[in-house]
Amino acid sequence: MGDQVPIYLDNNATTRTDPSVVQAMLPYFTERFGNASSSHAFGGEAATALKQARRSLQDLLGNADDHEIIFTSGGTEANNAAILSALASQEGRDEIVTTSVEHSAILSLVEQLAPKGVKTHIIPVDSRGRLDIEAFRCALGPRTAIVSTMWANNETGTIFPVEFLAGLTREAGALFHTDAVQAVGKERVDLKDSAIDMLSLSAHKLHGPKGIGALYLRKGTKFRPLIWGGSQERRRRGGTENIPGIVGLGKAAELAVERLEPERVRIGALRDRLEQGILRSGECAVLGDASNRLTNTANIAFDDLESEAIVHHLNRAGIAVSLGAACKSGSMEPSHVLRAMRVPERSMRGAVRFSLSRETSVAEVDEVVCVLSDIVARLRANLRGSASLPSYARQSRELSS
């Protein structure tokens, strides 16, 4: 990127670890390196740090009981633990209800469970990514073990009515889990009087370190560990605790509590400014539920363009965004989320996701709008000038220029 000052708008993928989080973690790599299970002073320091981090996470989740928090290696482990525990701990219940737009941490798991006789009901969404509530009601039954729905979609930001869904699930006698990885730290969460039984979160989505997350497990909920070992986490997750990571998650939770409400308003205004600037160019549209989504997320589809070309040129300009319609890097296959929303083909392949954070500035947003406008104009001119070539071939030439 040379002398360019990079602009990072891919915060739904990961956030920069806050410098104060790093500072909080550092002593637990060096001076305070003890094992929290040890009975000496070094272990005592680690155990104290573990308790403090748990309290900080309680505050972020709405004063959940400290016994209700299990530290994990991240959101994926927490998701797996929730679903597999529900299936193992409820006799006579062997069905899962989830949605067509879940993260692969959920959908890949239920796919693996199908050959083992576990039935999964996949609930569809509409063109804005909103859940089909009637289909959800119909899927619930006496054999439902667990319902797992994301709180907010990672690609479009669309928010599901998780409290309402949790209430319906409880009436059916099943457990309710939400993958809240994208929501925690961005949306207000209050689990104190909630019908939510389990909730997954990950530190690196809220300016904490990678490799650490947590599973909220409502008090009294039956639980079978995913990882067996020692007595750590009240025998619900074996293995020596990652104290530096847990301290980092705790500090990130503290910062999120302090900054959540004012930053939601500011980031939402920035997101709207970004979208309005981009939409002025025409031939593009915002994907997802515009009236009910994360304030930091904008997934914009550019008609007849290829998202890979747009992202490539933005990257060359020092701007990091993500392919809003690709399952994986280097793949031009539209994502399962946009397919589930039945986004038209000409729009789906040009989807680009912009995800902001509390570190995003007005100047950065305006710079992105300016640079992107030039890139889109150039790609469209190239498209018109090479009308005899297939769309992707025309824009692929741009990738090497």
# chains A, B, ... in the order shown; residues from 1 in each chain; ligands from 1
call {"tool": "select_by_dssp", "arguments": {"residues": "region 103-342 of chain A", "states": "strand (DSSP E)", "output": "PDB file with all heavy atoms, in the first residue's frame"}}
result
ATOM      1  N   LYS A 119     -32.435 -34.863  12.352  1.00  0.00           N
ATOM      2  CA  LYS A 119     -33.213 -34.126  11.357  1.00  0.00           C
ATOM      3  C   LYS A 119     -33.091 -32.631  11.610  1.00  0.00           C
ATOM      4  O   LYS A 119     -33.207 -32.182  12.755  1.00  0.00           O
ATOM      5  CB  LYS A 119     -34.680 -34.543  11.416  1.00  0.00           C
ATOM      6  CG  LYS A 119     -35.548 -33.871  10.361  1.00  0.00           C
ATOM      7  CD  LYS A 119     -36.987 -34.379  10.423  1.00  0.00           C
ATOM      8  CE  LYS A 119     -37.852 -33.704   9.364  1.00  0.00           C
ATOM      9  NZ  LYS A 119     -39.249 -34.194   9.402  1.00  0.00           N
ATOM     10  N   THR A 120     -32.855 -31.885  10.550  1.00  0.00           N
ATOM     11  CA  THR A 120     -32.727 -30.433  10.669  1.00  0.00           C
ATOM     12  C   THR A 120     -33.781 -29.737   9.817  1.00  0.00           C
ATOM     13  O   THR A 120     -33.941 -30.053   8.636  1.00  0.00           O
ATOM     14  CB  THR A 120     -31.327 -29.963  10.222  1.00  0.00           C
ATOM     15  OG1 THR A 120     -30.342 -30.594  11.033  1.00  0.00           O
ATOM     16  CG2 THR A 120     -31.199 -28.451  10.372  1.00  0.00           C
ATOM     17  N   HIS A 121     -34.490 -28.809  10.421  1.00  0.00           N
ATOM     18  CA  HIS A 121     -35.459 -27.974   9.710  1.00  0.00           C
ATOM     19  C   HIS A 121     -34.771 -26.638   9.396  1.00  0.00           C
ATOM     20  O   HIS A 121     -34.362 -25.913  10.312  1.00  0.00           O
ATOM     21  CB  HIS A 121     -36.694 -27.716  10.567  1.00  0.00           C
ATOM     22  CG  HIS A 121     -37.417 -28.961  10.978  1.00  0.00           C
ATOM     23  ND1 HIS A 121     -38.445 -29.501  10.242  1.00  0.00           N
ATOM     24  CD2 HIS A 121     -37.251 -29.777  12.057  1.00  0.00           C
ATOM     25  CE1 HIS A 121     -38.890 -30.592  10.831  1.00  0.00           C
ATOM     26  NE2 HIS A 121     -38.182 -30.786  11.935  1.00  0.00           N
ATOM     27  N   ILE A 122     -34.634 -26.324   8.112  1.00  0.00           N
ATOM     28  CA  ILE A 122     -33.988 -25.088   7.685  1.00  0.00           C
ATOM     29  C   ILE A 122     -35.072 -24.064   7.351  1.00  0.00           C
ATOM     30  O   ILE A 122     -35.838 -24.242   6.397  1.00  0.00           O
ATOM     31  CB  ILE A 122     -33.089 -25.316   6.450  1.00  0.00           C
ATOM     32  CG1 ILE A 122     -32.074 -26.428   6.723  1.00  0.00           C
ATOM     33  CG2 ILE A 122     -32.404 -24.011   6.048  1.00  0.00           C
ATOM     34  CD1 ILE A 122     -31.015 -26.083   7.734  1.00  0.00           C
ATOM     35  N   ILE A 123     -35.139 -23.000   8.122  1.00  0.00           N
ATOM     36  CA  ILE A 123     -36.184 -21.985   7.942  1.00  0.00           C
ATOM     37  C   ILE A 123     -35.733 -20.948   6.908  1.00  0.00           C
ATOM     38  O   ILE A 123     -34.633 -20.394   7.015  1.00  0.00           O
ATOM     39  CB  ILE A 123     -36.503 -21.290   9.274  1.00  0.00           C
ATOM     40  CG1 ILE A 123     -36.775 -22.328  10.367  1.00  0.00           C
ATOM     41  CG2 ILE A 123     -37.704 -20.353   9.110  1.00  0.00           C
ATOM     42  CD1 ILE A 123     -37.862 -23.320  10.052  1.00  0.00           C
ATOM     43  N   THR A 144     -38.185 -31.489  18.790  1.00  0.00           N
ATOM     44  CA  THR A 144     -37.189 -30.426  18.663  1.00  0.00           C
ATOM     45  C   THR A 144     -36.295 -30.404  19.900  1.00  0.00           C
ATOM     46  O   THR A 144     -36.770 -30.214  21.017  1.00  0.00           O
ATOM     47  CB  THR A 144     -37.855 -29.045  18.498  1.00  0.00           C
ATOM     48  OG1 THR A 144     -38.766 -29.083  17.398  1.00  0.00           O
ATOM     49  CG2 THR A 144     -36.803 -27.978  18.249  1.00  0.00           C
ATOM     50  N   ALA A 145     -34.997 -30.574  19.683  1.00  0.00           N
ATOM     51  CA  ALA A 145     -34.040 -30.511  20.791  1.00  0.00           C
ATOM     52  C   ALA A 145     -33.548 -29.084  20.990  1.00  0.00           C
ATOM     53  O   ALA A 145     -33.459 -28.596  22.115  1.00  0.00           O
ATOM     54  CB  ALA A 145     -32.855 -31.439  20.525  1.00  0.00           C
ATOM     55  N   ILE A 146     -33.235 -28.429  19.875  1.00  0.00           N
ATOM     56  CA  ILE A 146     -32.669 -27.082  19.965  1.00  0.00           C
ATOM     57  C   ILE A 146     -33.017 -26.269  18.728  1.00  0.00           C
ATOM     58  O   ILE A 146     -33.091 -26.793  17.617  1.00  0.00           O
ATOM     59  CB  ILE A 146     -31.131 -27.139  20.146  1.00  0.00           C
ATOM     60  CG1 ILE A 146     -30.555 -25.732  20.378  1.00  0.00           C
ATOM     61  CG2 ILE A 146     -30.449 -27.854  18.970  1.00  0.00           C
ATOM     62  CD1 ILE A 146     -29.108 -25.715  20.844  1.00  0.00           C
ATOM     63  N   VAL A 147     -33.235 -25.000  18.967  1.00  0.00           N
ATOM     64  CA  VAL A 147     -33.349 -24.009  17.902  1.00  0.00           C
ATOM     65  C   VAL A 147     -32.086 -23.167  17.954  1.00  0.00           C
ATOM     66  O   VAL A 147     -31.677 -22.724  19.031  1.00  0.00           O
ATOM     67  CB  VAL A 147     -34.585 -23.111  18.098  1.00  0.00           C
ATOM     68  CG1 VAL A 147     -34.550 -21.947  17.113  1.00  0.00           C
ATOM     69  CG2 VAL A 147     -35.865 -23.912  17.939  1.00  0.00           C
ATOM     70  N   SER A 148     -31.449 -22.983  16.813  1.00  0.00           N
ATOM     71  CA  SER A 148     -30.242 -22.152  16.759  1.00  0.00           C
ATOM     72  C   SER A 148     -30.401 -21.133  15.645  1.00  0.00           C
ATOM     73  O   SER A 148     -30.429 -21.489  14.471  1.00  0.00           O
ATOM     74  CB  SER A 148     -28.997 -23.007  16.520  1.00  0.00           C
ATOM     75  OG  SER A 148     -27.829 -22.205  16.524  1.00  0.00           O
ATOM     76  N   THR A 149     -30.542 -19.877  16.017  1.00  0.00           N
ATOM     77  CA  THR A 149     -30.626 -18.803  15.026  1.00  0.00           C
ATOM     78  C   THR A 149     -29.638 -17.708  15.388  1.00  0.00           C
ATOM     79  O   THR A 149     -29.425 -17.414  16.561  1.00  0.00           O
ATOM     80  CB  THR A 149     -32.040 -18.175  14.959  1.00  0.00           C
ATOM     81  OG1 THR A 149     -32.282 -17.409  16.151  1.00  0.00           O
ATOM     82  CG2 THR A 149     -33.115 -19.235  14.824  1.00  0.00           C
ATOM     83  N   MET A 150     -29.047 -17.119  14.374  1.00  0.00           N
ATOM     84  CA  MET A 150     -28.127 -16.018  14.632  1.00  0.00           C
ATOM     85  C   MET A 150     -28.898 -14.797  15.127  1.00  0.00           C
ATOM     86  O   MET A 150     -30.076 -14.619  14.813  1.00  0.00           O
ATOM     87  CB  MET A 150     -27.308 -15.689  13.381  1.00  0.00           C
ATOM     88  CG  MET A 150     -28.127 -15.423  12.147  1.00  0.00           C
ATOM     89  SD  MET A 150     -27.164 -15.027  10.648  1.00  0.00           S
ATOM     90  CE  MET A 150     -25.622 -15.842  10.847  1.00  0.00           C
ATOM     91  N   LEU A 175     -34.713 -26.153  23.679  1.00  0.00           N
ATOM     92  CA  LEU A 175     -33.709 -25.169  24.061  1.00  0.00           C
ATOM     93  C   LEU A 175     -33.492 -24.187  22.919  1.00  0.00           C
ATOM     94  O   LEU A 175     -33.588 -24.552  21.747  1.00  0.00           O
ATOM     95  CB  LEU A 175     -32.388 -25.851  24.412  1.00  0.00           C
ATOM     96  CG  LEU A 175     -32.406 -26.776  25.634  1.00  0.00           C
ATOM     97  CD1 LEU A 175     -31.049 -27.440  25.808  1.00  0.00           C
ATOM     98  CD2 LEU A 175     -32.790 -26.010  26.890  1.00  0.00           C
ATOM     99  N   PHE A 176     -33.170 -22.945  23.284  1.00  0.00           N
ATOM    100  CA  PHE A 176     -32.918 -21.918  22.268  1.00  0.00           C
ATOM    101  C   PHE A 176     -31.493 -21.399  22.393  1.00  0.00           C
ATOM    102  O   PHE A 176     -31.058 -20.980  23.467  1.00  0.00           O
ATOM    103  CB  PHE A 176     -33.893 -20.754  22.407  1.00  0.00           C
ATOM    104  CG  PHE A 176     -33.717 -19.705  21.333  1.00  0.00           C
ATOM    105  CD1 PHE A 176     -34.377 -19.831  20.112  1.00  0.00           C
ATOM    106  CD2 PHE A 176     -32.876 -18.614  21.522  1.00  0.00           C
ATOM    107  CE1 PHE A 176     -34.215 -18.887  19.103  1.00  0.00           C
ATOM    108  CE2 PHE A 176     -32.705 -17.662  20.524  1.00  0.00           C
ATOM    109  CZ  PHE A 176     -33.368 -17.803  19.308  1.00  0.00           C
ATOM    110  N   HIS A 177     -30.771 -21.443  21.274  1.00  0.00           N
ATOM    111  CA  HIS A 177     -29.404 -20.934  21.200  1.00  0.00           C
ATOM    112  C   HIS A 177     -29.318 -19.855  20.140  1.00  0.00           C
ATOM    113  O   HIS A 177     -29.946 -19.966  19.083  1.00  0.00           O
ATOM    114  CB  HIS A 177     -28.432 -22.067  20.837  1.00  0.00           C
ATOM    115  CG  HIS A 177     -27.092 -21.592  20.370  1.00  0.00           C
ATOM    116  ND1 HIS A 177     -26.722 -21.576  19.036  1.00  0.00           N
ATOM    117  CD2 HIS A 177     -26.029 -21.071  21.062  1.00  0.00           C
ATOM    118  CE1 HIS A 177     -25.496 -21.101  18.933  1.00  0.00           C
ATOM    119  NE2 HIS A 177     -25.061 -20.789  20.149  1.00  0.00           N
ATOM    120  N   THR A 178     -28.560 -18.820  20.418  1.00  0.00           N
ATOM    121  CA  THR A 178     -28.313 -17.803  19.403  1.00  0.00           C
ATOM    122  C   THR A 178     -26.819 -17.573  19.204  1.00  0.00           C
ATOM    123  O   THR A 178     -26.061 -17.447  20.173  1.00  0.00           O
ATOM    124  CB  THR A 178     -29.004 -16.465  19.736  1.00  0.00           C
ATOM    125  OG1 THR A 178     -28.752 -15.518  18.682  1.00  0.00           O
ATOM    126  CG2 THR A 178     -28.535 -15.875  21.054  1.00  0.00           C
ATOM    127  N   ASP A 179     -26.419 -17.584  17.943  1.00  0.00           N
ATOM    128  CA  ASP A 179     -25.060 -17.209  17.573  1.00  0.00           C
ATOM    129  C   ASP A 179     -25.048 -15.685  17.529  1.00  0.00           C
ATOM    130  O   ASP A 179     -25.487 -15.073  16.562  1.00  0.00           O
ATOM    131  CB  ASP A 179     -24.729 -17.804  16.200  1.00  0.00           C
ATOM    132  CG  ASP A 179     -23.363 -17.384  15.682  1.00  0.00           C
ATOM    133  OD1 ASP A 179     -22.731 -16.496  16.304  1.00  0.00           O
ATOM    134  OD2 ASP A 179     -22.934 -17.914  14.646  1.00  0.00           O
ATOM    135  N   MET A 198     -28.899 -20.375  25.527  1.00  0.00           N
ATOM    136  CA  MET A 198     -27.465 -20.373  25.232  1.00  0.00           C
ATOM    137  C   MET A 198     -27.151 -19.279  24.216  1.00  0.00           C
ATOM    138  O   MET A 198     -27.959 -19.007  23.322  1.00  0.00           O
ATOM    139  CB  MET A 198     -27.024 -21.742  24.705  1.00  0.00           C
ATOM    140  CG  MET A 198     -27.064 -22.839  25.749  1.00  0.00           C
ATOM    141  SD  MET A 198     -26.514 -24.467  25.123  1.00  0.00           S
ATOM    142  CE  MET A 198     -28.058 -25.084  24.436  1.00  0.00           C
ATOM    143  N   LEU A 199     -25.990 -18.687  24.354  1.00  0.00           N
ATOM    144  CA  LEU A 199     -25.562 -17.610  23.461  1.00  0.00           C
ATOM    145  C   LEU A 199     -24.064 -17.715  23.237  1.00  0.00           C
ATOM    146  O   LEU A 199     -23.302 -17.897  24.195  1.00  0.00           O
ATOM    147  CB  LEU A 199     -25.935 -16.251  24.056  1.00  0.00           C
ATOM    148  CG  LEU A 199     -25.477 -14.980  23.335  1.00  0.00           C
ATOM    149  CD1 LEU A 199     -26.497 -13.851  23.563  1.00  0.00           C
ATOM    150  CD2 LEU A 199     -24.092 -14.517  23.793  1.00  0.00           C
ATOM    151  N   SER A 200     -23.645 -17.607  21.988  1.00  0.00           N
ATOM    152  CA  SER A 200     -22.222 -17.669  21.638  1.00  0.00           C
ATOM    153  C   SER A 200     -21.691 -16.284  21.297  1.00  0.00           C
ATOM    154  O   SER A 200     -22.386 -15.484  20.663  1.00  0.00           O
ATOM    155  CB  SER A 200     -22.019 -18.587  20.422  1.00  0.00           C
ATOM    156  OG  SER A 200     -22.505 -19.882  20.667  1.00  0.00           O
ATOM    157  N   LEU A 201     -20.435 -16.027  21.679  1.00  0.00           N
ATOM    158  CA  LEU A 201     -19.787 -14.764  21.332  1.00  0.00           C
ATOM    159  C   LEU A 201     -18.304 -15.002  21.109  1.00  0.00           C
ATOM    160  O   LEU A 201     -17.746 -16.018  21.522  1.00  0.00           O
ATOM    161  CB  LEU A 201     -20.018 -13.713  22.416  1.00  0.00           C
ATOM    162  CG  LEU A 201     -19.454 -13.993  23.811  1.00  0.00           C
ATOM    163  CD1 LEU A 201     -18.041 -13.406  23.950  1.00  0.00           C
ATOM    164  CD2 LEU A 201     -20.356 -13.434  24.892  1.00  0.00           C
ATOM    165  N   SER A 202     -17.662 -14.037  20.449  1.00  0.00           N
ATOM    166  CA  SER A 202     -16.232 -14.147  20.135  1.00  0.00           C
ATOM    167  C   SER A 202     -15.556 -12.805  20.364  1.00  0.00           C
ATOM    168  O   SER A 202     -16.059 -11.768  19.919  1.00  0.00           O
ATOM    169  CB  SER A 202     -16.057 -14.585  18.681  1.00  0.00           C
ATOM    170  OG  SER A 202     -14.698 -14.810  18.386  1.00  0.00           O
ATOM    171  N   GLY A 213     -13.455 -16.920  23.235  1.00  0.00           N
ATOM    172  CA  GLY A 213     -14.874 -16.584  23.142  1.00  0.00           C
ATOM    173  C   GLY A 213     -15.573 -17.116  24.369  1.00  0.00           C
ATOM    174  O   GLY A 213     -14.930 -17.469  25.365  1.00  0.00           O
ATOM    175  N   ALA A 214     -16.883 -17.177  24.307  1.00  0.00           N
ATOM    176  CA  ALA A 214     -17.627 -17.670  25.464  1.00  0.00           C
ATOM    177  C   ALA A 214     -18.974 -18.216  25.024  1.00  0.00           C
ATOM    178  O   ALA A 214     -19.522 -17.834  23.986  1.00  0.00           O
ATOM    179  CB  ALA A 214     -17.817 -16.563  26.497  1.00  0.00           C
ATOM    180  N   LEU A 215     -19.482 -19.121  25.845  1.00  0.00           N
ATOM    181  CA  LEU A 215     -20.840 -19.624  25.696  1.00  0.00           C
ATOM    182  C   LEU A 215     -21.599 -19.264  26.966  1.00  0.00           C
ATOM    183  O   LEU A 215     -21.199 -19.651  28.070  1.00  0.00           O
ATOM    184  CB  LEU A 215     -20.838 -21.143  25.504  1.00  0.00           C
ATOM    185  CG  LEU A 215     -22.223 -21.808  25.473  1.00  0.00           C
ATOM    186  CD1 LEU A 215     -23.008 -21.374  24.234  1.00  0.00           C
ATOM    187  CD2 LEU A 215     -22.092 -23.331  25.515  1.00  0.00           C
ATOM    188  N   TYR A 216     -22.679 -18.505  26.795  1.00  0.00           N
ATOM    189  CA  TYR A 216     -23.587 -18.253  27.914  1.00  0.00           C
ATOM    190  C   TYR A 216     -24.503 -19.464  28.018  1.00  0.00           C
ATOM    191  O   TYR A 216     -25.089 -19.911  27.020  1.00  0.00           O
ATOM    192  CB  TYR A 216     -24.404 -16.983  27.662  1.00  0.00           C
ATOM    193  CG  TYR A 216     -25.673 -16.906  28.491  1.00  0.00           C
ATOM    194  CD1 TYR A 216     -25.646 -16.479  29.816  1.00  0.00           C
ATOM    195  CD2 TYR A 216     -26.898 -17.271  27.941  1.00  0.00           C
ATOM    196  CE1 TYR A 216     -26.811 -16.420  30.567  1.00  0.00           C
ATOM    197  CE2 TYR A 216     -28.067 -17.218  28.689  1.00  0.00           C
ATOM    198  CZ  TYR A 216     -28.021 -16.793  29.998  1.00  0.00           C
ATOM    199  OH  TYR A 216     -29.177 -16.737  30.741  1.00  0.00           O
ATOM    200  N   LEU A 217     -24.625 -20.025  29.225  1.00  0.00           N
ATOM    201  CA  LEU A 217     -25.474 -21.182  29.478  1.00  0.00           C
ATOM    202  C   LEU A 217     -26.396 -20.840  30.640  1.00  0.00           C
ATOM    203  O   LEU A 217     -25.952 -20.715  31.779  1.00  0.00           O
ATOM    204  CB  LEU A 217     -24.618 -22.405  29.829  1.00  0.00           C
ATOM    205  CG  LEU A 217     -25.366 -23.695  30.149  1.00  0.00           C
ATOM    206  CD1 LEU A 217     -26.003 -24.270  28.884  1.00  0.00           C
ATOM    207  CD2 LEU A 217     -24.415 -24.718  30.769  1.00  0.00           C
ATOM    208  N   CYS A 284     -27.062   0.438  -8.127  1.00  0.00           N
ATOM    209  CA  CYS A 284     -26.653  -0.362  -6.972  1.00  0.00           C
ATOM    210  C   CYS A 284     -27.740  -0.253  -5.908  1.00  0.00           C
ATOM    211  O   CYS A 284     -28.572   0.655  -5.946  1.00  0.00           O
ATOM    212  CB  CYS A 284     -25.297   0.098  -6.423  1.00  0.00           C
ATOM    213  SG  CYS A 284     -25.223   1.827  -5.917  1.00  0.00           S
ATOM    214  N   ALA A 285     -27.737  -1.191  -4.982  1.00  0.00           N
ATOM    215  CA  ALA A 285     -28.769  -1.212  -3.946  1.00  0.00           C
ATOM    216  C   ALA A 285     -28.236  -1.844  -2.679  1.00  0.00           C
ATOM    217  O   ALA A 285     -27.312  -2.676  -2.708  1.00  0.00           O
ATOM    218  CB  ALA A 285     -29.988  -1.997  -4.440  1.00  0.00           C
ATOM    219  N   VAL A 286     -28.824  -1.456  -1.536  1.00  0.00           N
ATOM    220  CA  VAL A 286     -28.465  -2.025  -0.246  1.00  0.00           C
ATOM    221  C   VAL A 286     -29.218  -3.340  -0.060  1.00  0.00           C
ATOM    222  O   VAL A 286     -30.423  -3.412  -0.302  1.00  0.00           O
ATOM    223  CB  VAL A 286     -28.818  -1.056   0.898  1.00  0.00           C
ATOM    224  CG1 VAL A 286     -28.550  -1.703   2.257  1.00  0.00           C
ATOM    225  CG2 VAL A 286     -28.027   0.243   0.760  1.00  0.00           C
ATOM    226  N   LEU A 287     -28.512  -4.382   0.368  1.00  0.00           N
ATOM    227  CA  LEU A 287     -29.119  -5.680   0.625  1.00  0.00           C
ATOM    228  C   LEU A 287     -29.390  -5.835   2.120  1.00  0.00           C
ATOM    229  O   LEU A 287     -28.655  -5.310   2.957  1.00  0.00           O
ATOM    230  CB  LEU A 287     -28.197  -6.805   0.150  1.00  0.00           C
ATOM    231  CG  LEU A 287     -27.816  -6.787  -1.334  1.00  0.00           C
ATOM    232  CD1 LEU A 287     -26.865  -7.936  -1.646  1.00  0.00           C
ATOM    233  CD2 LEU A 287     -29.048  -6.857  -2.226  1.00  0.00           C
ATOM    234  N   THR A 297     -23.141  -2.225   9.421  1.00  0.00           N
ATOM    235  CA  THR A 297     -23.019  -3.104   8.257  1.00  0.00           C
ATOM    236  C   THR A 297     -23.773  -2.589   7.041  1.00  0.00           C
ATOM    237  O   THR A 297     -24.958  -2.254   7.139  1.00  0.00           O
ATOM    238  CB  THR A 297     -23.525  -4.518   8.593  1.00  0.00           C
ATOM    239  OG1 THR A 297     -22.826  -5.011   9.744  1.00  0.00           O
ATOM    240  CG2 THR A 297     -23.311  -5.469   7.431  1.00  0.00           C
ATOM    241  N   ALA A 298     -23.085  -2.558   5.904  1.00  0.00           N
ATOM    242  CA  ALA A 298     -23.697  -2.186   4.627  1.00  0.00           C
ATOM    243  C   ALA A 298     -23.252  -3.195   3.575  1.00  0.00           C
ATOM    244  O   ALA A 298     -22.062  -3.291   3.267  1.00  0.00           O
ATOM    245  CB  ALA A 298     -23.272  -0.774   4.213  1.00  0.00           C
ATOM    246  N   ASN A 299     -24.186  -3.946   3.039  1.00  0.00           N
ATOM    247  CA  ASN A 299     -23.900  -4.867   1.944  1.00  0.00           C
ATOM    248  C   ASN A 299     -24.553  -4.278   0.703  1.00  0.00           C
ATOM    249  O   ASN A 299     -25.782  -4.192   0.623  1.00  0.00           O
ATOM    250  CB  ASN A 299     -24.466  -6.260   2.242  1.00  0.00           C
ATOM    251  CG  ASN A 299     -23.919  -7.318   1.303  1.00  0.00           C
ATOM    252  OD1 ASN A 299     -23.750  -7.087   0.112  1.00  0.00           O
ATOM    253  ND2 ASN A 299     -23.646  -8.494   1.845  1.00  0.00           N
ATOM    254  N   ILE A 300     -23.734  -3.846  -0.229  1.00  0.00           N
ATOM    255  CA  ILE A 300     -24.242  -3.134  -1.405  1.00  0.00           C
ATOM    256  C   ILE A 300     -23.950  -3.933  -2.665  1.00  0.00           C
ATOM    257  O   ILE A 300     -22.824  -4.370  -2.899  1.00  0.00           O
ATOM    258  CB  ILE A 300     -23.625  -1.732  -1.496  1.00  0.00           C
ATOM    259  CG1 ILE A 300     -24.016  -0.932  -0.242  1.00  0.00           C
ATOM    260  CG2 ILE A 300     -24.078  -1.014  -2.766  1.00  0.00           C
ATOM    261  CD1 ILE A 300     -23.482   0.471  -0.190  1.00  0.00           C
ATOM    262  N   ALA A 301     -24.996  -4.140  -3.454  1.00  0.00           N
ATOM    263  CA  ALA A 301     -24.883  -4.897  -4.701  1.00  0.00           C
ATOM    264  C   ALA A 301     -24.794  -3.938  -5.879  1.00  0.00           C
ATOM    265  O   ALA A 301     -25.673  -3.087  -6.060  1.00  0.00           O
ATOM    266  CB  ALA A 301     -26.086  -5.815  -4.865  1.00  0.00           C
ATOM    267  N   PHE A 302     -23.733  -4.076  -6.667  1.00  0.00           N
ATOM    268  CA  PHE A 302     -23.518  -3.253  -7.855  1.00  0.00           C
ATOM    269  C   PHE A 302     -23.953  -4.058  -9.081  1.00  0.00           C
ATOM    270  O   PHE A 302     -23.314  -5.058  -9.430  1.00  0.00           O
ATOM    271  CB  PHE A 302     -22.043  -2.851  -7.957  1.00  0.00           C
ATOM    272  CG  PHE A 302     -21.577  -2.000  -6.808  1.00  0.00           C
ATOM    273  CD1 PHE A 302     -21.143  -2.583  -5.622  1.00  0.00           C
ATOM    274  CD2 PHE A 302     -21.588  -0.617  -6.902  1.00  0.00           C
ATOM    275  CE1 PHE A 302     -20.721  -1.804  -4.550  1.00  0.00           C
ATOM    276  CE2 PHE A 302     -21.164   0.174  -5.837  1.00  0.00           C
ATOM    277  CZ  PHE A 302     -20.741  -0.421  -4.666  1.00  0.00           C
ATOM    278  N   ILE A 319      -7.839   0.275   0.790  1.00  0.00           N
ATOM    279  CA  ILE A 319      -9.134   0.178   1.465  1.00  0.00           C
ATOM    280  C   ILE A 319      -9.541  -1.289   1.566  1.00  0.00           C
ATOM    281  O   ILE A 319      -9.648  -1.983   0.551  1.00  0.00           O
ATOM    282  CB  ILE A 319     -10.213   0.974   0.707  1.00  0.00           C
ATOM    283  CG1 ILE A 319      -9.825   2.466   0.657  1.00  0.00           C
ATOM    284  CG2 ILE A 319     -11.583   0.794   1.360  1.00  0.00           C
ATOM    285  CD1 ILE A 319     -10.662   3.286  -0.295  1.00  0.00           C
ATOM    286  N   ALA A 320      -9.766  -1.756   2.780  1.00  0.00           N
ATOM    287  CA  ALA A 320     -10.112  -3.160   3.010  1.00  0.00           C
ATOM    288  C   ALA A 320     -11.614  -3.315   3.227  1.00  0.00           C
ATOM    289  O   ALA A 320     -12.185  -2.751   4.168  1.00  0.00           O
ATOM    290  CB  ALA A 320      -9.364  -3.693   4.229  1.00  0.00           C
ATOM    291  N   SER A 322     -14.912  -6.514   2.065  1.00  0.00           N
ATOM    292  CA  SER A 322     -14.969  -7.942   1.776  1.00  0.00           C
ATOM    293  C   SER A 322     -15.932  -8.241   0.639  1.00  0.00           C
ATOM    294  O   SER A 322     -16.820  -7.452   0.321  1.00  0.00           O
ATOM    295  CB  SER A 322     -15.372  -8.735   3.015  1.00  0.00           C
ATOM    296  OG  SER A 322     -16.724  -8.509   3.329  1.00  0.00           O
ATOM    297  N   LEU A 323     -15.721  -9.423   0.047  1.00  0.00           N
ATOM    298  CA  LEU A 323     -16.608  -9.908  -0.996  1.00  0.00           C
ATOM    299  C   LEU A 323     -17.943 -10.235  -0.349  1.00  0.00           C
ATOM    300  O   LEU A 323     -18.051 -11.206   0.386  1.00  0.00           O
ATOM    301  CB  LEU A 323     -16.022 -11.155  -1.652  1.00  0.00           C
ATOM    302  CG  LEU A 323     -14.694 -10.969  -2.410  1.00  0.00           C
ATOM    303  CD1 LEU A 323     -14.092 -12.327  -2.713  1.00  0.00           C
ATOM    304  CD2 LEU A 323     -14.923 -10.198  -3.696  1.00  0.00           C
TER     305      LEU A 323
END
call {"tool": "closest_atom_pairs", "arguments": {"of": "region 232-347 of chain A", "to": "region 72-77 of chain A", "cutoff": "9 Å", "atoms": "only C-alpha atoms", "output": "tab-separated table"}}
result
residue	atom	partner	partner_atom	distance
A:Arg237	CA	A:Thr72	CA	7.5
A:Glu241	CA	A:Thr72	CA	8.8
A:Asn242	CA	A:Ser73	CA	8.4
call {"tool": "write_last_selection", "arguments": {"atoms": "C-alpha atoms", "output": "compact mmCIF listing (two decimals), in the first residue's frame"}}
result
# COMPACT_ATOMS: atom_id res chain seq x y z
CA ARG A 237 -14.89 -27.18 29.31
CA GLU A 241 -7.66 -21.57 30.70
CA ASN A 242 -6.22 -19.11 28.22
call {"tool": "atom_distance", "arguments": {"atom1": "CA of Arg224 (chain A)", "atom2": "CA of Arg54 (chain A)"}}
result
20.8 Å
call {"tool": "residues_around", "arguments": {"residues": "Trp151 (chain A)", "least_positions_apart": "3", "cutoff": "7 Å", "atoms": "only C-alpha atoms", "output": "ChimeraX atom specification"}}
result
/A:159-160,162,178-180,183
call {"tool": "closest_residue", "arguments": {"among": "A:His336, A:Leu372, A:Lys222, A:Ala195", "to": "Arg280 (chain A)", "atoms": "only C-alpha atoms"}}
result
A:Leu372
